[in-house]
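The next block is work17.cif, given as mmCIF, C-alpha atoms, pLDDT in the B column; chains and numbers go by the auth columns.
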```cif
data_model
loop_
_atom_site.group_PDB
_atom_site.id
_atom_site.type_symbol
_atom_site.label_atom_id
_atom_site.label_comp_id
_atom_site.label_asym_id
_atom_site.label_seq_id
_atom_site.Cartn_x
_atom_site.Cartn_y
_atom_site.Cartn_z
_atom_site.B_iso_or_equiv
_atom_site.auth_seq_id
_atom_site.auth_asym_id
ATOM 1 C CA MET A 1 79.049 115.092 92.820 71.00 1 A
ATOM 2 C CA GLU A 2 81.696 117.668 91.975 90.00 2 A
ATOM 3 C CA LEU A 3 81.925 118.657 95.636 91.00 3 A
ATOM 4 C CA ILE A 4 82.517 115.073 96.750 92.00 4 A
ATOM 5 C CA SER A 5 85.269 114.640 94.160 93.00 5 A
ATOM 6 C CA ARG A 6 86.966 117.869 95.300 95.00 6 A
ATOM 7 C CA ILE A 7 86.791 116.778 98.937 95.00 7 A
ATOM 8 C CA ALA A 8 88.295 113.394 98.066 95.00 8 A
ATOM 9 C CA LYS A 9 91.039 114.948 95.928 96.00 9 A
ATOM 10 C CA LEU A 10 92.044 117.293 98.761 96.00 10 A
ATOM 11 C CA TYR A 11 92.108 114.367 101.196 97.00 11 A
ATOM 12 C CA TYR A 12 94.401 112.443 98.818 96.00 12 A
ATOM 13 C CA LYS A 13 96.719 115.425 98.589 97.00 13 A
ATOM 14 C CA ILE A 14 96.865 116.061 102.332 97.00 14 A
ATOM 15 C CA SER A 15 97.319 112.400 103.266 97.00 15 A
ATOM 16 C CA LEU A 16 100.068 111.910 100.673 97.00 16 A
ATOM 17 C CA TRP A 17 101.947 114.950 101.964 98.00 17 A
ATOM 18 C CA ILE A 18 101.606 113.806 105.564 98.00 18 A
ATOM 19 C CA ILE A 19 102.809 110.278 104.770 98.00 19 A
ATOM 20 C CA PHE A 20 105.662 111.658 102.677 97.00 20 A
ATOM 21 C CA GLY A 21 106.625 114.139 105.385 97.00 21 A
ATOM 22 C CA LEU A 22 106.608 111.531 108.146 97.00 22 A
ATOM 23 C CA THR A 23 108.638 109.154 105.989 97.00 23 A
ATOM 24 C CA VAL A 24 111.277 111.777 105.187 97.00 24 A
ATOM 25 C CA ILE A 25 111.546 112.908 108.811 95.00 25 A
ATOM 26 C CA ILE A 26 111.955 109.338 110.023 95.00 26 A
ATOM 27 C CA LEU A 27 114.509 108.593 107.289 94.00 27 A
ATOM 28 C CA LEU A 28 116.512 111.652 108.319 95.00 28 A
ATOM 29 C CA VAL A 29 116.424 110.596 111.974 92.00 29 A
ATOM 30 C CA MET A 30 117.456 107.072 111.005 92.00 30 A
ATOM 31 C CA GLN A 31 120.329 108.437 108.938 93.00 31 A
ATOM 32 C CA TYR A 32 121.459 110.729 111.751 93.00 32 A
ATOM 33 C CA PHE A 33 121.549 107.862 114.243 89.00 33 A
ATOM 34 C CA GLN A 34 122.768 105.428 111.558 88.00 34 A
ATOM 35 C CA GLU A 35 119.970 103.041 112.435 83.00 35 A
ATOM 36 C CA THR A 36 118.991 101.280 109.206 84.00 36 A
ATOM 37 C CA LYS A 37 117.350 98.223 110.778 87.00 37 A
ATOM 38 C CA LEU A 38 113.964 99.905 110.768 89.00 38 A
ATOM 39 C CA VAL A 39 113.748 100.746 107.057 93.00 39 A
ATOM 40 C CA SER A 40 111.428 97.789 106.432 91.00 40 A
ATOM 41 C CA ALA A 41 109.251 98.883 109.368 93.00 41 A
ATOM 42 C CA LEU A 42 109.072 102.355 107.849 95.00 42 A
ATOM 43 C CA THR A 43 108.116 100.889 104.489 96.00 43 A
ATOM 44 C CA VAL A 44 105.337 98.772 105.983 96.00 44 A
ATOM 45 C CA SER A 45 104.017 101.699 108.038 97.00 45 A
ATOM 46 C CA ALA A 46 104.002 104.108 105.088 97.00 46 A
ATOM 47 C CA LEU A 47 102.419 101.580 102.721 97.00 47 A
ATOM 48 C CA PHE A 48 99.737 100.650 105.232 98.00 48 A
ATOM 49 C CA SER A 49 98.904 104.326 105.744 97.00 49 A
ATOM 50 C CA LEU A 50 98.794 104.924 102.005 97.00 50 A
ATOM 51 C CA VAL A 51 96.674 101.882 101.128 97.00 51 A
ATOM 52 C CA SER A 52 94.277 102.311 104.039 97.00 52 A
ATOM 53 C CA GLY A 53 93.895 106.020 103.235 96.00 53 A
ATOM 54 C CA ILE A 54 93.078 105.281 99.599 96.00 54 A
ATOM 55 C CA ALA A 55 90.588 102.581 100.582 96.00 55 A
ATOM 56 C CA TYR A 56 89.027 104.914 103.168 96.00 56 A
ATOM 57 C CA ILE A 57 88.490 107.835 100.809 96.00 57 A
ATOM 58 C CA GLN A 58 87.228 105.630 97.968 96.00 58 A
ATOM 59 C CA SER A 59 84.697 104.094 100.353 96.00 59 A
ATOM 60 C CA TRP A 60 83.780 107.535 101.673 95.00 60 A
ATOM 61 C CA LYS A 61 83.132 108.803 98.130 95.00 61 A
ATOM 62 C CA SER A 62 80.868 105.862 97.433 94.00 62 A
ATOM 63 C CA VAL A 63 78.862 106.311 100.637 95.00 63 A
ATOM 64 C CA ALA A 64 78.695 110.110 100.263 92.00 64 A
ATOM 65 C CA ARG A 65 77.273 109.760 96.741 92.00 65 A
ATOM 66 C CA ARG A 66 74.853 106.910 97.368 93.00 66 A
ATOM 67 C CA SER A 67 73.720 107.348 100.953 91.00 67 A
ATOM 68 C CA PRO A 68 74.968 110.536 102.606 89.00 68 A
ATOM 69 C CA LYS A 69 72.719 110.005 105.626 91.00 69 A
ATOM 70 C CA SER A 70 74.757 106.896 106.439 92.00 70 A
ATOM 71 C CA LEU A 71 78.067 108.734 106.761 91.00 71 A
ATOM 72 C CA GLY A 72 77.958 108.620 110.560 91.00 72 A
ATOM 73 C CA LYS A 73 77.774 104.833 110.483 95.00 73 A
ATOM 74 C CA PHE A 74 80.451 104.762 107.810 95.00 74 A
ATOM 75 C CA TYR A 75 82.930 106.685 109.964 94.00 75 A
ATOM 76 C CA ILE A 76 82.525 104.193 112.798 95.00 76 A
ATOM 77 C CA ALA A 77 82.607 101.085 110.590 96.00 77 A
ATOM 78 C CA ALA A 78 85.574 102.260 108.512 96.00 78 A
ATOM 79 C CA SER A 79 87.571 103.191 111.607 95.00 79 A
ATOM 80 C CA ALA A 80 86.863 99.803 113.166 96.00 80 A
ATOM 81 C CA LEU A 81 87.884 98.030 109.961 97.00 81 A
ATOM 82 C CA ARG A 82 91.099 100.051 109.736 96.00 82 A
ATOM 83 C CA MET A 83 91.875 99.267 113.381 97.00 83 A
ATOM 84 C CA PHE A 84 91.346 95.564 112.747 98.00 84 A
ATOM 85 C CA ALA A 85 93.609 95.677 109.666 97.00 85 A
ATOM 86 C CA ALA A 86 96.279 97.493 111.696 97.00 86 A
ATOM 87 C CA LEU A 87 96.020 94.861 114.414 97.00 87 A
ATOM 88 C CA VAL A 88 96.508 92.106 111.826 97.00 88 A
ATOM 89 C CA VAL A 89 99.618 93.864 110.470 97.00 89 A
ATOM 90 C CA VAL A 90 101.096 94.260 113.959 96.00 90 A
ATOM 91 C CA VAL A 91 100.392 90.621 114.871 95.00 91 A
ATOM 92 C CA VAL A 92 102.018 89.406 111.637 95.00 92 A
ATOM 93 C CA ALA A 93 105.021 91.633 112.361 92.00 93 A
ATOM 94 C CA MET A 94 105.227 90.210 115.882 91.00 94 A
ATOM 95 C CA LEU A 95 105.301 86.702 114.481 94.00 95 A
ATOM 96 C CA LEU A 96 107.957 87.591 111.917 91.00 96 A
ATOM 97 C CA MET A 97 110.164 89.563 114.334 89.00 97 A
ATOM 98 C CA ARG A 98 109.706 87.510 117.476 88.00 98 A
ATOM 99 C CA GLY A 99 113.451 86.951 117.801 87.00 99 A
ATOM 100 C CA ASP A 100 114.459 90.619 117.585 87.00 100 A
ATOM 101 C CA LYS A 101 112.795 92.513 120.419 89.00 101 A
ATOM 102 C CA GLN A 102 114.436 95.868 119.568 89.00 102 A
ATOM 103 C CA SER A 103 113.163 95.801 115.968 88.00 103 A
ATOM 104 C CA LEU A 104 109.719 94.743 117.131 91.00 104 A
ATOM 105 C CA ILE A 105 109.474 97.669 119.545 92.00 105 A
ATOM 106 C CA GLY A 106 110.750 100.057 116.864 91.00 106 A
ATOM 107 C CA PHE A 107 108.227 98.743 114.349 94.00 107 A
ATOM 108 C CA THR A 108 105.347 98.954 116.793 94.00 108 A
ATOM 109 C CA VAL A 109 106.185 102.522 117.823 94.00 109 A
ATOM 110 C CA MET A 110 106.636 103.639 114.215 95.00 110 A
ATOM 111 C CA PHE A 111 103.474 101.900 113.022 97.00 111 A
ATOM 112 C CA ALA A 112 101.458 103.319 115.921 97.00 112 A
ATOM 113 C CA GLY A 113 102.801 106.790 115.134 96.00 113 A
ATOM 114 C CA PHE A 114 101.702 106.585 111.506 97.00 114 A
ATOM 115 C CA TYR A 115 98.354 105.125 112.556 97.00 115 A
ATOM 116 C CA LEU A 116 97.665 107.873 115.099 97.00 116 A
ATOM 117 C CA VAL A 117 98.669 110.668 112.718 97.00 117 A
ATOM 118 C CA MET A 118 96.371 109.313 110.012 97.00 118 A
ATOM 119 C CA LEU A 119 93.584 108.838 112.555 96.00 119 A
ATOM 120 C CA ALA A 120 93.983 112.463 113.623 96.00 120 A
ATOM 121 C CA LEU A 121 93.891 113.543 109.967 96.00 121 A
ATOM 122 C CA ASP A 122 90.649 111.649 109.402 95.00 122 A
ATOM 123 C CA CYS A 123 89.027 113.100 112.512 95.00 123 A
ATOM 124 C CA ILE A 124 90.059 116.689 111.855 96.00 124 A
ATOM 125 C CA TYR A 125 89.491 116.643 108.097 96.00 125 A
ATOM 126 C CA PHE A 126 86.069 115.029 108.112 94.00 126 A
ATOM 127 C CA THR A 127 84.860 117.027 111.118 93.00 127 A
ATOM 128 C CA LYS A 128 85.641 120.213 109.189 94.00 128 A
ATOM 129 C CA ILE A 129 84.039 118.820 106.029 92.00 129 A
ATOM 130 C CA GLU A 130 80.863 117.840 107.868 89.00 130 A
ATOM 131 C CA LYS A 131 80.605 121.253 109.527 90.00 131 A
ATOM 132 C CA LYS A 132 81.390 123.221 106.375 90.00 132 A
ATOM 133 C CA TYR A 133 79.337 121.334 103.792 81.00 133 A
ATOM 134 C CA ASN A 134 76.809 119.410 105.881 77.00 134 A
ATOM 135 C CA ILE A 135 76.703 116.508 103.415 67.00 135 A
ATOM 136 C CA LYS A 136 73.328 114.913 104.100 60.00 136 A
#
```

The structure in this file should be written as C-alpha coordinates.
Amino acid sequence: MELISRIAKLYYKISLWIIFGLTVIILLVMQYFQETKLVSALTVSALFSLVSGIAYIQSWKSVARRSPKSLGKFYIAASALRMFAALVVVVVAMLLMRGDKQSLIGFTVMFAGFYLVMLALDCIYFTKIEKKYNIK
(Lines of atoms letter the chains of each structure in order from A and count residues from 1; the text may use other names and numbers.)
(Lines give C-alpha, C1' and ligand atoms only; values in the text may rest on other atoms or scores of the structure.)
Protein backbone atom coordinates (compact mmCIF):
# COMPACT_ATOMS: atom_id res chain seq x y z
CA MET A 1 0.00 0.00 0.00
CA GLU A 2 2.86 2.35 0.81
CA LEU A 3 4.39 1.69 -2.61
CA ILE A 4 1.17 2.58 -4.41
CA SER A 5 0.87 5.82 -2.45
CA ARG A 6 4.48 6.76 -3.29
CA ILE A 7 3.90 6.02 -6.98
CA ALA A 8 0.76 8.16 -6.98
CA LYS A 9 2.46 11.01 -5.11
CA LEU A 10 5.33 11.07 -7.63
CA TYR A 11 2.84 11.08 -10.51
CA TYR A 12 1.04 14.06 -8.93
CA LYS A 13 4.32 15.91 -8.59
CA ILE A 14 5.50 15.21 -12.14
CA SER A 15 2.15 16.01 -13.76
CA LEU A 16 1.80 19.26 -11.80
CA TRP A 17 5.28 20.37 -12.85
CA ILE A 18 4.62 19.49 -16.48
CA ILE A 19 1.29 21.34 -16.54
CA PHE A 20 2.85 24.32 -14.76
CA GLY A 21 5.82 24.34 -17.12
CA LEU A 22 3.67 24.16 -20.25
CA THR A 23 1.42 26.91 -18.92
CA VAL A 24 4.33 29.23 -18.14
CA ILE A 25 6.00 28.60 -21.51
CA ILE A 26 2.77 29.29 -23.37
CA LEU A 27 2.11 32.42 -21.30
CA LEU A 28 5.60 33.70 -22.11
CA VAL A 29 5.07 33.04 -25.82
CA MET A 30 1.69 34.76 -25.67
CA GLN A 31 3.24 37.75 -23.93
CA TYR A 32 6.08 37.94 -26.45
CA PHE A 33 3.66 37.96 -29.38
CA GLN A 34 1.13 40.04 -27.41
CA GLU A 35 -1.58 37.51 -28.20
CA THR A 36 -3.93 37.47 -25.20
CA LYS A 37 -6.97 36.02 -26.97
CA LEU A 38 -5.95 32.50 -26.09
CA VAL A 39 -5.70 32.90 -22.30
CA SER A 40 -9.08 31.22 -21.81
CA ALA A 41 -7.99 28.36 -24.09
CA LEU A 42 -4.86 27.98 -21.98
CA THR A 43 -6.93 27.94 -18.81
CA VAL A 44 -9.28 25.27 -20.15
CA SER A 45 -6.38 23.14 -21.40
CA ALA A 46 -4.46 23.35 -18.12
CA LEU A 47 -7.54 22.67 -15.99
CA PHE A 48 -8.57 19.71 -18.13
CA SER A 49 -5.07 18.26 -17.84
CA LEU A 50 -5.04 18.81 -14.09
CA VAL A 51 -8.50 17.38 -13.40
CA SER A 52 -8.10 14.42 -15.74
CA GLY A 53 -4.68 13.65 -14.24
CA ILE A 54 -6.06 13.70 -10.71
CA ALA A 55 -9.00 11.50 -11.70
CA TYR A 56 -6.64 9.12 -13.53
CA ILE A 57 -4.23 8.63 -10.64
CA GLN A 58 -7.01 8.31 -8.05
CA SER A 59 -8.61 5.61 -10.19
CA TRP A 60 -5.24 3.94 -10.72
CA LYS A 61 -4.63 3.83 -6.95
CA SER A 62 -8.00 2.22 -6.39
CA VAL A 63 -7.47 -0.43 -9.07
CA ALA A 64 -3.85 -1.08 -8.02
CA ARG A 65 -4.95 -1.71 -4.42
CA ARG A 66 -8.07 -3.75 -5.11
CA SER A 67 -7.34 -5.63 -8.31
CA PRO A 68 -3.77 -5.23 -9.57
CA LYS A 69 -4.26 -7.93 -12.20
CA SER A 70 -6.81 -5.65 -13.89
CA LEU A 71 -4.38 -2.79 -14.45
CA GLY A 72 -3.97 -3.63 -18.13
CA LYS A 73 -7.70 -3.23 -18.69
CA PHE A 74 -7.66 -0.09 -16.57
CA TYR A 75 -5.04 1.59 -18.75
CA ILE A 76 -7.13 1.00 -21.86
CA ALA A 77 -10.46 1.99 -20.28
CA ALA A 78 -9.08 5.10 -18.57
CA SER A 79 -7.37 6.28 -21.76
CA ALA A 80 -10.57 5.79 -23.74
CA LEU A 81 -12.57 7.68 -21.11
CA ARG A 82 -10.06 10.54 -21.10
CA MET A 83 -10.16 10.68 -24.91
CA PHE A 84 -13.95 10.85 -24.84
CA ALA A 85 -13.88 13.64 -22.23
CA ALA A 86 -11.34 15.55 -24.34
CA LEU A 87 -13.56 15.15 -27.39
CA VAL A 88 -16.52 16.55 -25.45
CA VAL A 89 -14.45 19.57 -24.36
CA VAL A 90 -13.30 20.24 -27.93
CA VAL A 91 -16.84 19.92 -29.33
CA VAL A 92 -18.19 22.33 -26.69
CA ALA A 93 -15.38 24.76 -27.52
CA MET A 94 -16.22 24.46 -31.22
CA LEU A 95 -19.82 25.34 -30.48
CA LEU A 96 -18.85 28.29 -28.30
CA MET A 97 -16.19 29.65 -30.68
CA ARG A 98 -17.82 28.89 -34.01
CA GLY A 99 -17.64 32.53 -35.07
CA ASP A 100 -13.92 33.00 -34.39
CA LYS A 101 -11.97 30.54 -36.53
CA GLN A 102 -8.54 31.80 -35.40
CA SER A 103 -9.34 31.30 -31.70
CA LEU A 104 -10.83 27.89 -32.42
CA ILE A 105 -7.68 26.73 -34.21
CA GLY A 106 -5.51 28.14 -31.41
CA PHE A 107 -7.60 26.40 -28.77
CA THR A 108 -7.56 23.09 -30.60
CA VAL A 109 -3.79 23.16 -31.12
CA MET A 110 -3.14 24.15 -27.51
CA PHE A 111 -5.57 21.59 -26.11
CA ALA A 112 -4.14 18.85 -28.32
CA GLY A 113 -0.63 19.78 -27.19
CA PHE A 114 -1.54 19.48 -23.52
CA TYR A 115 -3.42 16.24 -24.21
CA LEU A 116 -0.50 14.66 -26.08
CA VAL A 117 2.06 15.69 -23.46
CA MET A 118 -0.06 14.20 -20.67
CA LEU A 119 -0.66 11.07 -22.73
CA ALA A 120 3.09 10.70 -23.21
CA LEU A 121 3.61 11.18 -19.46
CA ASP A 122 1.10 8.43 -18.68
CA CYS A 123 2.66 6.03 -21.16
CA ILE A 124 6.25 6.62 -20.08
CA TYR A 125 5.57 6.83 -16.35
CA PHE A 126 3.38 3.75 -16.05
CA THR A 127 5.54 1.68 -18.41
CA LYS A 128 8.50 2.35 -16.12
CA ILE A 129 6.41 1.64 -13.02
CA GLU A 130 5.15 -1.66 -14.42
CA LYS A 131 8.66 -2.75 -15.39
CA LYS A 132 10.27 -1.66 -12.13
CA TYR A 133 7.69 -2.85 -9.60
CA ASN A 134 5.66 -5.42 -11.52
CA ILE A 135 2.47 -4.60 -9.62
CA LYS A 136 0.41 -7.77 -9.98

Check: Hey, can you check how far atom CA of Ile124 of chain A sits from atom CA of Ile14 of chain A?
Finding: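 Spanning atom CA of Ile124 of chain A to atom CA of Ile14 of chain A is a straight-line distance of 11.7 Å.
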
Check: Exactly which residues make up the result of the PyMOL selection byres ((chain A and resi 15-25) around 8) on this file, given as a VMD selection string?
Finding: chain A and resid 11 to 14 26 to 29 42 46 49 to 50 53 114 118 121

Evaluate the PyMOL selection byres ((chain A and resi 63) around 12) on the structure here and hand back the selected residues as a PDB file with C-alpha atoms, in the frame of the given file.
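Result file selection10.pdb:
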```pdb
ATOM      1  CA  MET A   1      79.049 115.092  92.820  1.00 71.00           C
ATOM      2  CA  ILE A   4      82.517 115.073  96.750  1.00 92.00           C
ATOM      3  CA  TYR A  56      89.027 104.914 103.168  1.00 96.00           C
ATOM      4  CA  ILE A  57      88.490 107.835 100.809  1.00 96.00           C
ATOM      5  CA  GLN A  58      87.228 105.630  97.968  1.00 96.00           C
ATOM      6  CA  SER A  59      84.697 104.094 100.353  1.00 96.00           C
ATOM      7  CA  TRP A  60      83.780 107.535 101.673  1.00 95.00           C
ATOM      8  CA  LYS A  61      83.132 108.803  98.130  1.00 95.00           C
ATOM      9  CA  SER A  62      80.868 105.862  97.433  1.00 94.00           C
ATOM     10  CA  ALA A  64      78.695 110.110 100.263  1.00 92.00           C
ATOM     11  CA  ARG A  65      77.273 109.760  96.741  1.00 92.00           C
ATOM     12  CA  ARG A  66      74.853 106.910  97.368  1.00 93.00           C
ATOM     13  CA  SER A  67      73.720 107.348 100.953  1.00 91.00           C
ATOM     14  CA  PRO A  68      74.968 110.536 102.606  1.00 89.00           C
ATOM     15  CA  LYS A  69      72.719 110.005 105.626  1.00 91.00           C
ATOM     16  CA  SER A  70      74.757 106.896 106.439  1.00 92.00           C
ATOM     17  CA  LEU A  71      78.067 108.734 106.761  1.00 91.00           C
ATOM     18  CA  GLY A  72      77.958 108.620 110.560  1.00 91.00           C
ATOM     19  CA  LYS A  73      77.774 104.833 110.483  1.00 95.00           C
ATOM     20  CA  PHE A  74      80.451 104.762 107.810  1.00 95.00           C
ATOM     21  CA  TYR A  75      82.930 106.685 109.964  1.00 94.00           C
ATOM     22  CA  ALA A  77      82.607 101.085 110.590  1.00 96.00           C
ATOM     23  CA  ALA A  78      85.574 102.260 108.512  1.00 96.00           C
ATOM     24  CA  ILE A 135      76.703 116.508 103.415  1.00 67.00           C
ATOM     25  CA  LYS A 136      73.328 114.913 104.100  1.00 60.00           C
TER      26      LYS A 136
END
```

Let me have the centre and edge lengths in Å, one decimal, of the box along x, y and z around every listed atom of segment 10-28 of chain A with 5 Å of margin on each side, as lines of an AutoDock Vina configuration file.
```
center_x = 104.3
center_y = 112.9
center_z = 104.3
size_x = 34.5
size_y = 18.7
size_z = 21.4
```

Select from segment 22-71 of chain A every residue with an atom at most 8 Å from any atom of segment 97-108 of chain A, then for each give the shortest pair of atoms and their distance in Å to one decimal, using all atoms listed in the file, rows by chain and rising number, as JSON lines.
```
{"residue": "A:Lys37", "atom": "CA", "partner": "A:Ser103", "partner_atom": "CA", "distance": 7.1}
{"residue": "A:Leu38", "atom": "CA", "partner": "A:Ser103", "partner_atom": "CA", "distance": 6.7}
{"residue": "A:Ala41", "atom": "CA", "partner": "A:Phe107", "partner_atom": "CA", "distance": 5.1}
{"residue": "A:Leu42", "atom": "CA", "partner": "A:Phe107", "partner_atom": "CA", "distance": 7.5}
```

Next item on the list: Mind giving me the straight-line distance from atom CA of Phe111 of chain A to atom CA of Val90 of chain A in Å, one decimal?
Entry: 8.1 Å

Next item on the list: Tell me, in Å to one decimal, how far atom CA of Gly113 of chain A is from atom CA of Phe84 of chain A.
Entry: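 Atom CA of Gly113 of chain A sits 16.2 Å away from atom CA of Phe84 of chain A.
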
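The shortest atom-to-atom distance to Leu116 of chain A, with all atoms listed in the file taken into account, belongs to A:Met83 out of A:Met83, A:Leu96, A:Ile76, A:Val51.
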
Margin query: Which residue is closest to Leu47 of chain A? Choose from A:Phe126, A:Val89, A:Met94, A:Met30 and count all atoms listed in the file.
Written below: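 Of the candidates, the smallest distance to Leu47 of chain A is held by A:Val89.
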
Margin query: Please determine, counting all atoms listed in the file, which residue among A:Asn134, A:Ile54, A:Ala86, A:Leu81 has the shortest atom-to-atom distance to Ala8 of chain A.
Written below: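 Among the listed residues, the smallest separation from Ala8 of chain A belongs to A:Ile54.
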
Margin query: Calculated over only C-alpha atoms, which of the candidates A:Val44, A:Ser79, A:Cys123, A:Leu3 has the smallest distance to Ala93 of chain A?
Written below: A:Val44
